[in-house]
Amino acid sequence: MSAAQMPRTVEGPTPNAPRLFGTDGIRQVVGREITPVFVAEVGSAIATYLRGSGDVLLARDFRTSSEAMARVLTGALLMDGIHVREMGVMPTPCLQFNVRALGAAMGLTVTASHNPTEFNGIKFTDPGGTEIPRTSEEILERTIFQREFVRGTWDHIGELRTDADGVDRYTRSILGHSDTAAIRAAAPVVVLDPGNGTSAVTSPNLLRELGCRVITLNANPDGHFPGRPSEPNEENLWALRKAVVEFGAVVGIAHDGDADRASFVDEHGTYLAGDVTMALFAKHRLRERAAGVVVTSVTSSTLVEDVVRSEGGEIEITRSGSLPVALRMLERRAIFGGEENGGYYWPEHQVARDGPMSSAKMVELLVHSGRPLSELVQELPRYHLSKTKLPVADSRKAPLLARVHTQLEREAERLVTIDGQKAYYSDGWLLVRPSGTEPICRVYAEGRTAARAKELMDHGVELVRREVDWLEETAGRTP
């Protein structure tokens, strides 16, 4: 490929440029935004970004459109000179692990993660095994929107290969970083709910190899998600909560569609919020390592900070999203990282959200403690979280945030602005954070009591509504 054919790079964000990427990859509705032509153009944009050479690993989930999308992507990449290694169906963290292990130029997972059935999308992995940075997303977006594709020629077609060892390669790493001897000696009963998603190809066998006695729910792969919606939240896990009690299990484990997240249920069938699980993991890690850095995002509970500091650790707070957490973990050589949405990071294995690895570590934690999960949770400080979202047009987000900043700066004891506006008070905090991918603004609040959390959330909602109304009125008066 000549120098003239090389793609142009983007040196910085393009003002008001349209976006395809959300918080993690591209996700849209099949048949509306996700069409054969669009998927092919994404493939050509990737080939252009890679300058027509390199190896790409391609995996997919079980959604009804995923195989078709994977075939279109594969064809486009091959036609434009990229070698493709088909990995088959596997969780996103499994693909991320293999990208780094095999030294690939990029990894692609055809998945919409926890989104409803009508959605599908593509997650992108860089050579280090993390998500691609926003600068790379901008290059791909610009290439697609401006149709600046560098096409291949008849004598520069990529090679297609398959790799049947990806799942084994990944699970061997998890087993190698878990105390299998202790788990096998205890032989705990575990109920697993893959939610008809990709952890069905990894987690049942993984937990059995660890030494667990495994009972499964919704372990048949099915892109219609007949067992439950893909999001592993408290409402959707009613069957898991019931099964844990009925079978006398020590824990219930659930994953989202592509298994980068994990949710847990204690032996009484009580759902654990992501912050609670994160605090337990952080406490366990710090006691193992004696000290270290734990990284989490700005949306996390004060509970995590309290636990980390009480155990002699150091807490690092980042912007929301898996890539900011992963990059800070690498920078600080952190021993653990996590987000309130159920994404947990184990750097000895890989610096990426990993549901199956988190499952193994939860079982290990319970075996090492020798105590019920509910008792471990009761020892943690107690906080209450309330959150909601309001419609806010994209054009209003920046001026809204500026006005919210002015108001909260007057009343708060401390204001953190790394991602939205997070105001700290003597008995709680309030976070106003416009979405980067939807025309909404999220409001989070935390307090020592449920009533105080709701009071702070209501205050945030009132503040957002008042300022949006003012902005709308002002715009209406502008000639």
# chains A, B, ... in the order shown; residues from 1 in each chain; ligands from 1
>>> residues_around(residues="segment 157-161 of chain A", least_positions_apart="5", cutoff="7 Å", atoms="only C-alpha atoms", output="VMD selection string")
chain A and resid 78 to 86 152
>>> residues_around(residues="Arg396 of chain A", least_positions_apart="6", cutoff="10 Å", atoms="only C-alpha atoms", output="ChimeraX atom specification")
/A:434,439,467-468,471-472
>>> atom_distance(atom1="atom CA of Ser44 of chain A", atom2="atom CA of Phe149 of chain A")
6.2 Å
>>> closest_residue(among="A:Leu323, A:Val251, A:Glu288, A:Asp155", to="Asp126 of chain A", atoms="only C-alpha atoms")
A:Leu323
>>> residues_around(residues="Arg448 of chain A", least_positions_apart="6", cutoff="7 Å", atoms="only C-alpha atoms", output="list in words")
Arg382, Tyr383, His384, Asp427 and Gly428 of chain A
>>> write_last_selection(atoms="N, CA and C atoms", output="PDB file, in the first residue's frame")
ATOM      1  N   ARG A 382     -22.882   0.741  55.882  1.00  0.00           N
ATOM      2  CA  ARG A 382     -24.157   0.741  55.161  1.00  0.00           C
ATOM      3  C   ARG A 382     -24.434   2.103  54.539  1.00  0.00           C
ATOM      4  N   TYR A 383     -24.687   2.111  53.258  1.00  0.00           N
ATOM      5  CA  TYR A 383     -25.093   3.306  52.532  1.00  0.00           C
ATOM      6  C   TYR A 383     -26.298   2.957  51.670  1.00  0.00           C
ATOM      7  N   HIS A 384     -27.000   3.973  51.241  1.00  0.00           N
ATOM      8  CA  HIS A 384     -28.167   3.790  50.381  1.00  0.00           C
ATOM      9  C   HIS A 384     -27.992   4.647  49.134  1.00  0.00           C
ATOM     10  N   ASP A 427     -23.523  14.338  54.864  1.00  0.00           N
ATOM     11  CA  ASP A 427     -24.214  13.062  55.043  1.00  0.00           C
ATOM     12  C   ASP A 427     -24.584  12.380  53.727  1.00  0.00           C
ATOM     13  N   GLY A 428     -23.814  12.658  52.667  1.00  0.00           N
ATOM     14  CA  GLY A 428     -24.090  12.006  51.394  1.00  0.00           C
ATOM     15  C   GLY A 428     -23.494  12.753  50.225  1.00  0.00           C
TER      16      GLY A 428
END
>>> residues_around(residues="segment 100-105 of chain A", least_positions_apart="5", cutoff="9 Å", atoms="only C-alpha atoms", output="mmCIF file with C-alpha atoms, in the first residue's frame")
data_model
loop_
_atom_site.group_PDB
_atom_site.id
_atom_site.type_symbol
_atom_site.label_atom_id
_atom_site.label_comp_id
_atom_site.auth_asym_id
_atom_site.auth_seq_id
_atom_site.Cartn_x
_atom_site.Cartn_y
_atom_site.Cartn_z
ATOM 1 C CA LEU A 50 -5.161 -0.923 10.277
ATOM 2 C CA SER A 53 -2.638 -5.404 7.162
ATOM 3 C CA GLY A 54 -2.634 -7.269 10.456
ATOM 4 C CA ASP A 55 -4.521 -10.025 12.271
ATOM 5 C CA VAL A 56 -7.998 -9.477 13.714
ATOM 6 C CA LEU A 57 -9.681 -11.918 16.108
ATOM 7 C CA LEU A 95 -11.877 -12.583 23.331
ATOM 8 C CA THR A 125 -10.393 -4.581 21.653
ATOM 9 C CA ASP A 126 -6.929 -3.089 21.209
ATOM 10 C CA PRO A 127 -3.682 -5.130 21.209
ATOM 11 C CA GLY A 128 -3.288 -4.684 24.971
ATOM 12 C CA GLY A 129 -6.614 -6.402 25.658
ATOM 13 C CA THR A 130 -8.533 -3.262 26.635
ATOM 14 C CA ARG A 169 -6.654 -20.749 26.674
ATOM 15 C CA GLN A 350 -6.201 -9.375 32.549
#
>>> select_by_dssp(residues="segment 192-347 of chain A", states="helix (DSSP H, G or I)", output="count of residues only")
61
>>> atom_distance(atom1="atom CA of Gly248 of chain A", atom2="atom CA of Leu206 of chain A")
20.5 Å
>>> residues_around(residues="segment 411-415 of chain A", least_positions_apart="3", cutoff="6 Å", atoms="only C-alpha atoms", output="PyMOL selection string")
chain A and resi 408+422-425
>>> select_by_dssp(residues="segment 128-299 of chain A", states="strand (DSSP E)", output="PyMOL selection string")
chain A and resi 160-162+189-193+213-216+251-255+262-265+271-272+293-297
